[in-house]
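What follows is the content of work-v7.cif, which has mmCIF, C-alpha atoms and all ligand atoms:
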```cif
data_target
loop_
_atom_site.label_atom_id
_atom_site.label_comp_id
_atom_site.auth_asym_id
_atom_site.auth_seq_id
_atom_site.Cartn_x
_atom_site.Cartn_y
_atom_site.Cartn_z
CA MET A 174 1.50 -14.24 20.65
CA LYS A 175 0.01 -15.30 17.32
CA VAL A 176 -1.67 -12.58 15.27
CA LEU A 177 -4.10 -13.10 12.41
CA VAL A 178 -3.73 -10.34 9.82
CA ILE A 179 -6.75 -9.61 7.64
CA ASN A 180 -6.94 -7.47 4.49
CA ALA A 181 -10.57 -7.54 3.39
CA GLY A 182 -11.78 -6.33 0.01
CA SER A 183 -15.34 -6.26 -1.25
CA SER A 184 -15.21 -9.82 -2.63
CA SER A 185 -11.84 -11.02 -1.35
CA LEU A 186 -10.00 -11.48 1.90
CA LYS A 187 -6.24 -11.98 2.29
CA TYR A 188 -4.95 -13.46 5.52
CA GLN A 189 -1.71 -14.32 7.28
CA LEU A 190 -1.12 -15.93 10.65
CA ILE A 191 2.14 -14.70 12.18
CA ASP A 192 3.83 -16.02 15.31
CA MET A 193 5.18 -12.84 16.87
CA ASP A 194 7.72 -14.74 19.00
CA GLY A 195 10.34 -14.71 16.26
CA GLU A 196 8.02 -13.03 13.73
CA THR A 197 7.53 -16.19 11.68
CA LEU A 198 4.80 -16.68 9.14
CA LEU A 199 2.74 -19.77 10.02
CA ALA A 200 0.20 -19.72 7.19
CA LYS A 201 -1.25 -17.43 4.56
CA GLY A 202 -3.93 -17.53 1.95
CA LEU A 203 -6.75 -15.88 0.11
CA CYS A 204 -10.53 -16.07 -0.06
CA GLU A 205 -11.67 -14.88 -3.47
CA ARG A 206 -15.00 -14.48 -5.23
CA ILE A 207 -16.83 -14.13 -1.91
CA GLY A 208 -20.57 -13.99 -2.61
CA ILE A 209 -19.98 -15.46 -6.10
CA ASP A 210 -18.70 -19.04 -6.50
CA GLY A 211 -15.90 -18.82 -3.94
CA LYS A 212 -12.22 -19.75 -4.23
CA PHE A 213 -10.20 -20.62 -1.15
CA THR A 214 -6.45 -20.98 -0.78
CA TYR A 215 -4.51 -21.95 2.32
CA LYS A 216 -0.72 -22.19 2.39
CA PRO A 217 0.71 -23.52 5.65
CA GLN A 218 4.41 -22.67 5.99
CA MET A 219 5.29 -25.79 7.98
CA GLU A 220 6.88 -28.92 6.62
CA GLY A 221 4.45 -31.82 6.06
CA LYS A 222 1.27 -29.73 6.08
CA GLU A 223 -0.87 -29.80 2.97
CA LYS A 224 -2.10 -26.67 1.23
CA ILE A 225 -5.63 -26.08 -0.02
CA ASP A 226 -6.43 -24.61 -3.43
CA ALA A 227 -10.16 -25.04 -3.89
CA ALA A 228 -12.45 -23.54 -6.49
CA ASP A 229 -16.25 -23.66 -6.05
CA TYR A 230 -15.86 -23.19 -2.32
CA PRO A 231 -19.06 -21.33 -1.43
CA MET A 232 -18.57 -18.35 0.86
CA PRO A 233 -21.80 -16.33 0.63
CA SER A 234 -20.32 -13.56 2.80
CA HIS A 235 -17.16 -12.54 4.69
CA VAL A 236 -18.53 -14.44 7.72
CA GLU A 237 -18.21 -17.78 5.92
CA ALA A 238 -14.82 -16.72 4.55
CA ILE A 239 -13.47 -16.12 8.07
CA ASP A 240 -15.01 -19.42 9.21
CA ALA A 241 -13.13 -21.19 6.38
CA VAL A 242 -9.87 -19.47 7.39
CA LEU A 243 -10.24 -20.45 11.07
CA LYS A 244 -11.22 -24.00 10.17
CA ALA A 245 -8.11 -24.40 7.99
CA LEU A 246 -5.78 -22.80 10.57
CA ALA A 247 -7.02 -25.09 13.38
CA ASP A 248 -7.49 -28.22 11.25
CA PRO A 249 -6.25 -31.26 13.26
CA LYS A 250 -4.18 -32.58 10.35
CA ASN A 251 -3.02 -29.61 8.29
CA GLY A 252 -3.63 -26.70 10.66
CA VAL A 253 -0.91 -24.63 12.30
CA VAL A 254 -2.61 -24.00 15.67
CA ALA A 255 -4.33 -26.43 18.05
CA SER A 256 -7.34 -24.15 18.40
CA MET A 257 -8.25 -20.55 17.65
CA GLU A 258 -7.66 -19.80 21.35
CA GLU A 259 -3.98 -19.63 20.39
CA ILE A 260 -4.69 -16.54 18.28
CA GLY A 261 -4.05 -13.57 20.58
CA ALA A 262 -5.26 -10.77 18.32
CA VAL A 263 -6.52 -9.89 14.86
CA GLY A 264 -4.99 -7.00 12.93
CA HIS A 265 -7.03 -5.42 10.14
CA ARG A 266 -5.87 -3.24 7.29
CA VAL A 267 -8.21 -0.25 7.02
CA VAL A 268 -7.55 2.02 4.06
CA HIS A 269 -8.84 5.42 5.16
CA GLY A 270 -8.60 6.74 8.70
CA GLY A 271 -9.67 10.27 7.74
CA LYS A 272 -8.79 12.97 10.26
CA ASP A 273 -9.83 10.75 13.16
CA PHE A 274 -7.02 8.21 13.18
CA THR A 275 -3.40 9.21 13.59
CA ALA A 276 -2.29 5.72 14.72
CA SER A 277 -3.44 2.12 14.90
CA CYS A 278 -6.08 1.41 17.55
CA LEU A 279 -8.08 -1.25 19.37
CA ILE A 280 -11.47 -1.59 17.69
CA ASP A 281 -14.56 -0.89 19.79
CA ALA A 282 -18.07 0.36 19.01
CA GLU A 283 -16.91 4.00 18.95
CA LYS A 284 -14.03 3.23 16.53
CA ILE A 285 -16.42 1.36 14.25
CA GLU A 286 -18.63 4.46 14.09
CA ALA A 287 -15.57 6.56 13.23
CA ILE A 288 -14.57 4.11 10.46
CA LYS A 289 -18.15 4.31 9.12
CA LYS A 290 -18.00 8.10 9.22
CA ASN A 291 -15.07 7.88 6.80
CA PHE A 292 -16.95 5.74 4.26
CA PRO A 293 -17.49 8.72 1.91
CA LEU A 294 -13.71 9.29 1.80
CA ALA A 295 -13.02 5.71 0.65
CA PRO A 296 -16.31 4.30 -0.62
CA LEU A 297 -14.69 1.29 -2.31
CA HIS A 298 -12.34 0.27 0.49
CA ASN A 299 -13.57 1.17 3.98
CA PRO A 300 -16.95 -0.63 3.80
CA ALA A 301 -15.10 -3.78 2.65
CA ASN A 302 -12.55 -3.45 5.45
CA LEU A 303 -15.41 -3.18 7.95
CA LEU A 304 -17.00 -6.36 6.58
CA GLY A 305 -13.78 -8.17 7.55
CA ILE A 306 -13.84 -6.65 11.05
CA GLU A 307 -17.48 -7.54 11.64
CA ALA A 308 -16.99 -11.09 10.35
CA CYS A 309 -14.10 -11.59 12.81
CA GLN A 310 -16.15 -10.15 15.68
CA LYS A 311 -18.85 -12.68 14.88
CA ALA A 312 -16.50 -15.65 14.49
CA MET A 313 -14.27 -14.78 17.47
CA PRO A 314 -16.33 -12.82 19.99
CA GLY A 315 -14.19 -11.03 22.55
CA LYS A 316 -10.93 -11.50 20.59
CA PRO A 317 -9.02 -8.19 20.50
CA GLN A 318 -9.16 -6.59 17.04
CA VAL A 319 -6.83 -3.83 15.95
CA ALA A 320 -7.26 -1.46 13.00
CA VAL A 321 -4.15 -0.30 11.12
CA PHE A 322 -4.79 2.58 8.72
CA ASP A 323 -3.02 3.25 5.41
CA THR A 324 -3.36 6.98 6.04
CA ALA A 325 -2.16 7.11 9.68
CA PHE A 326 1.60 7.30 8.98
CA HIS A 327 1.10 10.48 6.97
CA MET A 328 -0.82 12.33 9.69
CA THR A 329 2.48 13.96 10.76
CA MET A 330 2.52 16.09 7.59
CA PRO A 331 2.63 19.84 8.24
CA ALA A 332 -0.38 21.94 7.30
CA GLU A 333 1.30 23.44 4.22
CA ALA A 334 1.77 19.89 2.86
CA TYR A 335 -1.74 18.60 3.53
CA THR A 336 -3.75 21.74 2.74
CA TYR A 337 -5.26 22.09 -0.75
CA ALA A 338 -5.61 25.55 -2.20
CA VAL A 339 -9.41 25.39 -2.35
CA PRO A 340 -11.75 27.39 -0.08
CA TYR A 341 -10.70 26.57 3.49
CA GLU A 342 -14.26 25.78 4.53
CA TYR A 343 -13.98 22.46 2.63
CA TYR A 344 -11.19 21.45 4.97
CA GLU A 345 -13.06 22.63 8.05
CA LYS A 346 -16.50 21.28 7.15
CA ASP A 347 -15.75 18.38 4.82
CA ASP A 348 -12.28 17.13 5.79
CA VAL A 349 -10.86 17.88 2.32
CA ARG A 350 -7.05 17.59 2.68
CA ARG A 351 -4.15 15.42 1.57
CA TYR A 352 -4.15 12.13 3.48
CA GLY A 353 -1.85 9.85 1.48
CA PHE A 354 -1.85 6.05 1.36
CA HIS A 355 0.52 3.05 1.50
CA GLY A 356 1.41 4.43 4.95
CA THR A 357 2.02 1.00 6.46
CA SER A 358 4.43 0.16 3.63
CA HIS A 359 6.24 3.51 3.79
CA ARG A 360 6.53 3.09 7.58
CA TYR A 361 7.98 -0.41 7.23
CA VAL A 362 10.55 0.31 4.52
CA SER A 363 11.62 3.69 5.89
CA GLY A 364 12.00 2.08 9.34
CA ARG A 365 14.21 -0.64 7.86
CA CYS A 366 16.13 1.98 5.90
CA ILE A 367 16.83 3.93 9.10
CA GLU A 368 18.15 0.71 10.68
CA LEU A 369 20.35 0.04 7.64
CA LEU A 370 21.64 3.61 7.65
CA GLY A 371 22.41 3.14 11.33
CA ARG A 372 21.16 6.60 12.25
CA PRO A 373 17.78 6.66 13.94
CA GLU A 374 17.87 10.44 14.11
CA HIS A 375 18.52 12.98 11.40
CA SER A 376 17.60 10.88 8.40
CA LYS A 377 16.01 12.23 5.24
CA ILE A 378 14.52 9.46 3.14
CA VAL A 379 12.44 9.35 -0.03
CA SER A 380 10.36 6.18 0.04
CA CYS A 381 9.14 5.02 -3.39
CA HIS A 382 6.31 2.47 -3.22
CA LEU A 383 6.04 1.56 -6.91
CA GLY A 384 3.47 -1.13 -7.67
CA ASN A 385 0.21 -1.25 -9.51
CA GLY A 386 -0.65 1.71 -7.28
CA SER A 387 2.32 3.96 -6.56
CA SER A 388 3.13 6.65 -4.05
CA ILE A 389 6.19 8.52 -2.87
CA ALA A 390 6.77 9.77 0.68
CA ALA A 391 9.28 12.13 2.24
CA VAL A 392 10.29 10.74 5.64
CA VAL A 393 12.33 12.87 8.04
CA ASP A 394 13.60 11.25 11.25
CA GLY A 395 11.05 8.45 10.80
CA LYS A 396 8.07 10.77 10.25
CA SER A 397 6.20 11.33 6.99
CA ILE A 398 6.24 15.02 6.08
CA GLU A 399 4.91 14.77 2.49
CA THR A 400 3.39 12.18 0.21
CA SER A 401 2.19 12.07 -3.36
CA MET A 402 -1.32 10.62 -3.00
CA GLY A 403 -4.02 12.92 -1.76
CA LEU A 404 -7.60 12.85 -0.51
CA GLY A 405 -7.80 9.62 -2.47
CA PRO A 406 -5.29 7.32 -4.17
CA LEU A 407 -5.64 8.87 -7.65
CA ALA A 408 -3.06 11.61 -7.15
CA GLY A 409 0.72 11.68 -7.49
CA VAL A 410 2.77 9.71 -10.01
CA PRO A 411 1.08 7.89 -12.92
CA MET A 412 0.18 4.32 -11.96
CA GLY A 413 -0.83 1.08 -13.66
CA THR A 414 -4.24 2.43 -14.62
CA ARG A 415 -4.61 5.63 -12.53
CA CYS A 416 -3.71 9.00 -13.97
CA GLY A 417 -1.78 10.53 -11.07
CA ASP A 418 -1.55 14.33 -11.00
CA ILE A 419 -3.50 15.99 -13.81
CA ASP A 420 -4.95 19.39 -14.48
CA ALA A 421 -8.61 19.29 -13.33
CA THR A 422 -9.46 21.27 -16.48
CA ILE A 423 -8.98 18.03 -18.46
CA MET A 424 -12.09 16.64 -16.77
CA GLU A 425 -14.27 19.61 -17.65
CA TYR A 426 -12.94 19.61 -21.22
CA LEU A 427 -13.50 15.88 -21.88
CA MET A 428 -16.86 15.79 -20.10
CA GLY A 429 -17.97 18.69 -22.31
CA ARG A 430 -16.68 17.11 -25.53
CA TYR A 431 -17.93 13.57 -24.97
CA GLY A 432 -20.86 14.06 -22.58
CA TYR A 433 -19.33 11.83 -19.90
CA ASP A 434 -20.94 12.00 -16.50
CA MET A 435 -18.72 12.12 -13.42
CA LYS A 436 -18.85 8.36 -12.91
CA GLU A 437 -17.63 7.71 -16.46
CA MET A 438 -14.92 10.34 -16.13
CA MET A 439 -13.67 8.88 -12.85
CA ASN A 440 -13.69 5.41 -14.36
CA ILE A 441 -11.43 6.66 -17.18
CA LEU A 442 -9.04 8.29 -14.69
CA ASN A 443 -8.98 5.28 -12.34
CA LYS A 444 -9.11 2.33 -14.72
CA LYS A 445 -8.05 3.45 -18.19
CA SER A 446 -5.25 5.91 -17.54
CA GLY A 447 -1.72 5.65 -16.14
CA VAL A 448 0.83 3.61 -18.07
CA LEU A 449 -2.01 1.56 -19.57
CA GLY A 450 -3.64 4.71 -20.89
CA ILE A 451 -0.44 6.09 -22.44
CA SER A 452 0.77 2.80 -23.91
CA GLY A 453 -2.52 1.16 -24.89
CA VAL A 454 -0.57 -2.05 -24.17
CA SER A 455 -0.81 -3.01 -20.49
CA SER A 456 -0.70 -1.78 -16.91
CA ASP A 457 2.02 -4.33 -16.15
CA PHE A 458 5.59 -3.06 -16.35
CA ARG A 459 6.88 -6.41 -17.59
CA ASP A 460 4.58 -6.19 -20.63
CA LEU A 461 5.59 -2.59 -21.20
CA GLU A 462 9.30 -3.39 -21.07
CA ALA A 463 8.81 -6.26 -23.53
CA ALA A 464 6.75 -4.08 -25.90
CA ALA A 465 9.25 -1.20 -25.68
CA LYS A 466 12.06 -3.62 -26.53
CA GLU A 467 10.15 -4.62 -29.65
CA GLY A 468 9.94 -0.99 -30.70
CA ASN A 469 6.53 0.03 -29.36
CA GLU A 470 6.98 3.79 -28.95
CA ARG A 471 3.98 4.38 -26.71
CA ALA A 472 5.11 1.64 -24.32
CA ALA A 473 8.52 3.34 -24.22
CA LEU A 474 6.81 6.70 -23.62
CA ALA A 475 4.74 5.27 -20.74
CA LEU A 476 7.89 3.94 -19.06
CA ALA A 477 9.74 7.21 -19.66
CA LYS A 478 6.82 9.23 -18.24
CA PHE A 479 6.70 7.05 -15.13
CA GLY A 480 10.44 7.35 -14.43
CA TYR A 481 10.31 11.10 -15.12
CA GLU A 482 7.44 11.73 -12.70
CA VAL A 483 8.96 9.63 -9.89
CA LYS A 484 12.25 11.49 -10.38
CA LYS A 485 10.38 14.82 -10.13
CA TYR A 486 8.99 13.77 -6.75
CA VAL A 487 12.44 12.69 -5.51
CA GLY A 488 13.79 16.13 -6.41
CA ALA A 489 10.82 17.94 -4.90
CA TYR A 490 11.07 15.96 -1.67
CA ALA A 491 14.82 16.52 -1.40
CA ALA A 492 13.93 20.22 -1.60
CA VAL A 493 11.25 20.11 1.10
CA MET A 494 13.43 17.95 3.37
CA GLY A 495 16.47 20.22 2.83
CA GLY A 496 18.63 17.26 1.80
CA LEU A 497 18.60 13.57 1.06
CA ASP A 498 20.25 10.63 2.82
CA ALA A 499 18.56 7.69 1.11
CA ILE A 500 16.09 6.59 -1.55
CA VAL A 501 14.17 3.35 -0.97
CA PHE A 502 12.42 1.36 -3.69
CA THR A 503 9.68 -1.10 -2.75
CA ALA A 504 6.55 -2.96 -4.02
CA GLY A 505 6.19 -4.89 -7.32
CA VAL A 506 7.98 -2.48 -9.65
CA GLY A 507 10.30 -0.99 -6.99
CA GLU A 508 11.51 -4.45 -5.93
CA ASN A 509 11.65 -6.10 -9.37
CA GLY A 510 12.24 -3.35 -11.90
CA PRO A 511 15.93 -2.42 -12.27
CA ALA A 512 15.19 -0.44 -15.44
CA THR A 513 12.64 1.74 -13.62
CA ARG A 514 15.01 2.27 -10.69
CA ALA A 515 17.78 3.29 -13.09
CA ALA A 516 15.44 5.69 -14.91
CA VAL A 517 14.46 7.35 -11.61
CA CYS A 518 18.06 7.71 -10.40
CA SER A 519 19.63 8.82 -13.67
CA GLY A 520 20.39 12.53 -13.66
CA LEU A 521 20.25 12.74 -9.86
CA GLU A 522 24.05 12.62 -9.54
CA TYR A 523 24.00 16.34 -8.64
CA LEU A 524 22.00 15.37 -5.52
CA GLY A 525 24.64 12.77 -4.60
CA VAL A 526 22.90 9.71 -6.06
CA LYS A 527 25.33 7.24 -7.65
CA LEU A 528 23.63 4.03 -8.68
CA CYS A 529 25.74 0.87 -9.04
CA ASP A 530 24.58 -0.85 -12.26
CA LYS A 531 25.81 -4.26 -11.11
CA ARG A 532 24.05 -4.12 -7.73
CA ASN A 533 20.92 -2.71 -9.33
CA ALA A 534 20.73 -5.70 -11.68
CA GLU A 535 20.90 -8.19 -8.78
CA ARG A 536 17.81 -9.59 -7.06
CA ALA A 537 17.46 -9.64 -3.26
CA ASP A 538 14.75 -8.84 -0.71
CA GLU A 539 16.91 -6.17 0.83
CA HIS A 540 20.02 -4.67 -0.72
CA LEU A 541 22.05 -1.56 -1.34
CA ILE A 542 22.10 -0.60 -5.02
CA SER A 543 24.18 2.59 -4.83
CA THR A 544 27.97 2.63 -5.09
CA ASP A 545 30.04 2.52 -1.89
CA ASP A 546 31.05 6.14 -2.38
CA SER A 547 27.54 7.39 -3.17
CA PRO A 548 26.69 10.20 -0.71
CA VAL A 549 23.00 9.19 -0.98
CA LYS A 550 22.31 5.50 -0.26
CA VAL A 551 19.83 3.78 -2.53
CA TYR A 552 18.14 0.63 -1.24
CA VAL A 553 15.69 -1.97 -2.47
CA ILE A 554 13.65 -3.14 0.54
CA ALA A 555 10.83 -5.66 0.11
CA THR A 556 7.78 -4.31 1.88
CA ASN A 557 5.95 -6.28 4.57
CA GLU A 558 2.70 -4.55 5.48
CA GLU A 559 1.31 -7.68 7.15
CA LEU A 560 4.20 -7.85 9.61
CA MET A 561 3.73 -4.17 10.42
CA ILE A 562 0.03 -4.76 11.08
CA ALA A 563 0.85 -7.76 13.29
CA ARG A 564 3.45 -5.73 15.22
CA ASP A 565 0.93 -2.96 15.86
CA ALA A 566 -1.73 -5.47 16.94
CA LYS A 567 0.67 -7.13 19.36
CA ALA A 568 1.90 -3.82 20.79
CA ILE A 569 -1.64 -2.51 21.32
CA VAL A 570 -3.02 -5.72 22.82
CA LYS A 571 -0.03 -6.10 25.15
CA GLY A 572 -0.53 -2.46 26.15
P1 LIG A 601 2.18 -4.63 -6.63
O1 LIG A 601 0.99 -3.75 -6.82
O2 LIG A 601 3.13 -4.13 -5.59
O3 LIG A 601 1.83 -6.08 -6.46
O4 LIG A 601 3.01 -4.54 -8.01
C1 LIG A 601 2.49 -5.13 -9.18
C2 LIG A 601 3.29 -4.65 -10.35
O5 LIG A 601 4.68 -5.00 -10.20
C3 LIG A 601 2.89 -5.35 -11.65
O6 LIG A 601 1.85 -4.66 -12.28
C4 LIG A 601 4.15 -5.31 -12.46
O7 LIG A 601 4.06 -4.19 -13.30
C5 LIG A 601 5.28 -5.08 -11.49
N1 LIG A 601 6.27 -6.15 -11.55
C6 LIG A 601 6.25 -7.33 -10.94
N2 LIG A 601 7.34 -8.06 -11.28
C7 LIG A 601 8.07 -7.29 -12.12
C8 LIG A 601 9.32 -7.46 -12.83
N3 LIG A 601 10.02 -8.57 -12.72
N4 LIG A 601 9.76 -6.44 -13.58
C9 LIG A 601 9.07 -5.30 -13.71
N5 LIG A 601 7.88 -5.08 -13.07
C10 LIG A 601 7.39 -6.07 -12.29
#
```

Here is the file; what I need is its structure written in the form of structure tokens.
Amino acid sequence: MKVLVINAGSSSLKYQLIDMDGETLLAKGLCERIGIDGKFTYKPQMEGKEKIDAADYPMPSHVEAIDAVLKALADPKNGVVASMEEIGAVGHRVVHGGKDFTASCLIDAEKIEAIKKNFPLAPLHNPANLLGIEACQKAMPGKPQVAVFDTAFHMTMPAEAYTYAVPYEYYEKDDVRRYGFHGTSHRYVSGRCIELLGRPEHSKIVSCHLGNGSSIAAVVDGKSIETSMGLGPLAGVPMGTRCGDIDATIMEYLMGRYGYDMKEMMNILNKKSGVLGISGVSSDFRDLEAAAKEGNERAALALAKFGYEVKKYVGAYAAVMGGLDAIVFTAGVGENGPATRAAVCSGLEYLGVKLCDKRNAERADEHLISTDDSPVKVYVIATNEELMIARDAKAIVKG
């Protein structure tokens, strides 16, 4: 079966077509600036097929974007399928499943209503994800569509992990609780880690998804029992531009001093904080490392703060899991940042973490970076959320 994986944003749409017999990527690409001037890219993964990289490619809405994707995929010369009939299912990334979704599901009218009900929980993401779903329903009527939620993997957290210490009525009436995100990534890398450890049962893993957005998860026997993001993706470790955990008093204090309204305050915490906010240099770790090397103290502080906070979560999660078998690093910084990985692991020798400097400096999609005698294994595992979405879509459609 071939599965089309869609990750729709408000003005963009990423896609991959994966042949699930052998799990091979057939084509991928991106529709950008939807509703503006339009930019379309198509990268077939087969020899002899030409890619498309076209600016000024009008796509007034997600409907035209999906049409462009299907046209490219089934193009007689450069396409990778004979017709869209070959596509057996579409898998959609949906950011927030709220309390309603504990697993991926086949999309029907009732599920669409439930996704809409969760709009207030993810006002930037869920409406955009639904645009992608509705565009596919229009372009491919009757084709099975599956929703895969970022939050679903974390729905196995115990109540003491997901409950906030605010009046309980907000949980009961308003669904205020910790949900967590990057669930599809944490599920993929912790699943691979369990395979690499060779022990499907009794594994205690800290999964570190460190990218522009970052989150940490504690995964026991393949199930998430704690994660650092919360009701929304602002909580946890500091990120590229998001603040991570802060004292809520800071908001009241700054709003009082500067007369910010809530929208301005949230913009500061989402877009101007994190390592960008501390350093004043960049949200990109490569820029920060370069600036720190040249003696920029705030860039060095931003990097130190990030490593310190991730380390704190590793320690906290070892405590709640009652032990630690492995740490996994993934996403942009986790996969490509040996200095960050070293900063996180340094000082964790007492927990049994012995990083191998030589292995840590090497580059590979999947590799062990701890020493052979390290009681805790440390891995770098490149994430693959699209493959996870395609696997779920195939499993659900095949029943
Ligand atoms: P992601 O959100 O997973 O795409 O991660 C993006 C982030 O990965 C960027 O903001 C960079 O900070 C980081 N990154 C990518 N490549 C490197 C690298 N070679 N060294 C350090 N950080 C990197």

Q) If you count all atoms listed in the file, which residues end up within 9 Å of ligand LIG 601 (chain A), as a ChimeraX atom specification? A) /A:382-387,413,455-462,503-513,556

Please produce a file of those selected residues containing C-alpha atoms, as a PDB file, keeping the file's coordinate frame.
```pdb
ATOM      1  CA  HIS A 382       6.310   2.470  -3.220  1.00  0.00           C
ATOM      2  CA  LEU A 383       6.040   1.560  -6.910  1.00  0.00           C
ATOM      3  CA  GLY A 384       3.470  -1.130  -7.670  1.00  0.00           C
ATOM      4  CA  ASN A 385       0.210  -1.250  -9.510  1.00  0.00           C
ATOM      5  CA  GLY A 386      -0.650   1.710  -7.280  1.00  0.00           C
ATOM      6  CA  SER A 387       2.320   3.960  -6.560  1.00  0.00           C
ATOM      7  CA  GLY A 413      -0.830   1.080 -13.660  1.00  0.00           C
ATOM      8  CA  SER A 455      -0.810  -3.010 -20.490  1.00  0.00           C
ATOM      9  CA  SER A 456      -0.700  -1.780 -16.910  1.00  0.00           C
ATOM     10  CA  ASP A 457       2.020  -4.330 -16.150  1.00  0.00           C
ATOM     11  CA  PHE A 458       5.590  -3.060 -16.350  1.00  0.00           C
ATOM     12  CA  ARG A 459       6.880  -6.410 -17.590  1.00  0.00           C
ATOM     13  CA  ASP A 460       4.580  -6.190 -20.630  1.00  0.00           C
ATOM     14  CA  LEU A 461       5.590  -2.590 -21.200  1.00  0.00           C
ATOM     15  CA  GLU A 462       9.300  -3.390 -21.070  1.00  0.00           C
ATOM     16  CA  THR A 503       9.680  -1.100  -2.750  1.00  0.00           C
ATOM     17  CA  ALA A 504       6.550  -2.960  -4.020  1.00  0.00           C
ATOM     18  CA  GLY A 505       6.190  -4.890  -7.320  1.00  0.00           C
ATOM     19  CA  VAL A 506       7.980  -2.480  -9.650  1.00  0.00           C
ATOM     20  CA  GLY A 507      10.300  -0.990  -6.990  1.00  0.00           C
ATOM     21  CA  GLU A 508      11.510  -4.450  -5.930  1.00  0.00           C
ATOM     22  CA  ASN A 509      11.650  -6.100  -9.370  1.00  0.00           C
ATOM     23  CA  GLY A 510      12.240  -3.350 -11.900  1.00  0.00           C
ATOM     24  CA  PRO A 511      15.930  -2.420 -12.270  1.00  0.00           C
ATOM     25  CA  ALA A 512      15.190  -0.440 -15.440  1.00  0.00           C
ATOM     26  CA  THR A 513      12.640   1.740 -13.620  1.00  0.00           C
ATOM     27  CA  THR A 556       7.780  -4.310   1.880  1.00  0.00           C
TER      28      THR A 556
END
```

Q: Quick one: pull the distance between CA of Gly364 in chain A and CA of Thr336 in chain A, Å, one decimal.
A: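 Straight-line distance from CA of Gly364 in chain A to CA of Thr336 in chain A works out to 26.0 Å.
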
Q) Do you know which residues are at most 7 Å from range 195-211 of chain A counting all atoms listed in the file, after dropping those on the same chain fewer than 6 positions away, and could you put them as a list in words? A) Ser184, Ser185, Leu186, Lys187, Tyr188, Gln189, Pro217, Gln218, Met219, Ala228, Asp229, Tyr230, Pro231, Met232, Pro233, Ser234, His235, Ala238 and Val253 of chain A

Q: Rounded to one decimal place, report the CA of Ile542 in chain A-CA of Asp530 in chain A distance in Å.
A: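 Value for the CA of Ile542 in chain A-CA of Asp530 in chain A distance: 7.7 Å.
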
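The closest residue to Gly572 in chain A, picked from A:Val236, A:Ala408, A:Leu279, A:Ile419 and counting only C-alpha atoms, is A:Leu279.
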
Q: Name the residues within 7 Å of (-3.5, -0.1, 12.3), counting only C-alpha atoms in the file's coordinates, and put them as a VMD selection string.
A: chain A and resid 265 to 266 276 to 278 319 to 322 562 565

**Q.** Nearest to Glu258 in chain A, chosen from A:Val551, A:Leu177, A:Ala282, A:Ala325, with all atoms listed in the file counted in the distances
**A.** A:Leu177

Q: Can you pull out every residue within 10 Å of Lys250 in chain A, counting all atoms listed in the file, but drop anything in the same chain fewer than 3 positions away, and send it as a list in words?
A: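 Listing them by chain and then by number gives Gly221, Lys222, Glu223, Ala245, Leu246, Ala247, Val253 and Ala255 of chain A.
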
With the cut-off set at 12 Å and counting all atoms listed in the file, tabulate each residue of range 359-417 of chain A with an atom at most that distance from an atom of range 288-294 of chain A, showing the nearest atom pair and its distance in Å to one decimal, ordered by chain and increasing number, as a tab-separated table.
```
residue	atom	partner	partner_atom	distance
A:Gly403	CA	A:Leu294	CA	10.9
A:Leu404	CA	A:Leu294	CA	7.4
A:Gly405	CA	A:Leu294	CA	7.3
A:Pro406	CA	A:Leu294	CA	10.5
```

Could you give me, as an mmCIF file with C-alpha atoms, keeping the file's coordinate frame, the residues within 7 Å of Ser380 in chain A, counting only C-alpha atoms and dropping anything in the same chain fewer than 3 positions from it?
```cif
data_model
loop_
_atom_site.group_PDB
_atom_site.id
_atom_site.type_symbol
_atom_site.label_atom_id
_atom_site.label_comp_id
_atom_site.auth_asym_id
_atom_site.auth_seq_id
_atom_site.Cartn_x
_atom_site.Cartn_y
_atom_site.Cartn_z
ATOM 1 C CA HIS A 359 6.240 3.510 3.790
ATOM 2 C CA SER A 363 11.620 3.690 5.890
ATOM 3 C CA ILE A 389 6.190 8.520 -2.870
ATOM 4 C CA ALA A 390 6.770 9.770 0.680
ATOM 5 C CA ALA A 391 9.280 12.130 2.240
ATOM 6 C CA ILE A 500 16.090 6.590 -1.550
ATOM 7 C CA VAL A 501 14.170 3.350 -0.970
ATOM 8 C CA PHE A 502 12.420 1.360 -3.690
#
```

Within 10 Å of file point (-4.9, -17.4, 16.7), counting only C-alpha atoms, expressed as a compact mmCIF listing (two decimals) with C-alpha atoms, in the frame of the given file:
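The file below, result13.txt, is the result:
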```
# COMPACT_ATOMS: atom_id res chain seq x y z
CA MET A 174 1.50 -14.24 20.65
CA LYS A 175 0.01 -15.30 17.32
CA VAL A 176 -1.67 -12.58 15.27
CA LEU A 177 -4.10 -13.10 12.41
CA VAL A 178 -3.73 -10.34 9.82
CA LEU A 190 -1.12 -15.93 10.65
CA ILE A 191 2.14 -14.70 12.18
CA ASP A 192 3.83 -16.02 15.31
CA LEU A 243 -10.24 -20.45 11.07
CA LEU A 246 -5.78 -22.80 10.57
CA ALA A 247 -7.02 -25.09 13.38
CA VAL A 253 -0.91 -24.63 12.30
CA VAL A 254 -2.61 -24.00 15.67
CA ALA A 255 -4.33 -26.43 18.05
CA SER A 256 -7.34 -24.15 18.40
CA MET A 257 -8.25 -20.55 17.65
CA GLU A 258 -7.66 -19.80 21.35
CA GLU A 259 -3.98 -19.63 20.39
CA ILE A 260 -4.69 -16.54 18.28
CA GLY A 261 -4.05 -13.57 20.58
CA ALA A 262 -5.26 -10.77 18.32
CA VAL A 263 -6.52 -9.89 14.86
CA MET A 313 -14.27 -14.78 17.47
CA LYS A 316 -10.93 -11.50 20.59
```
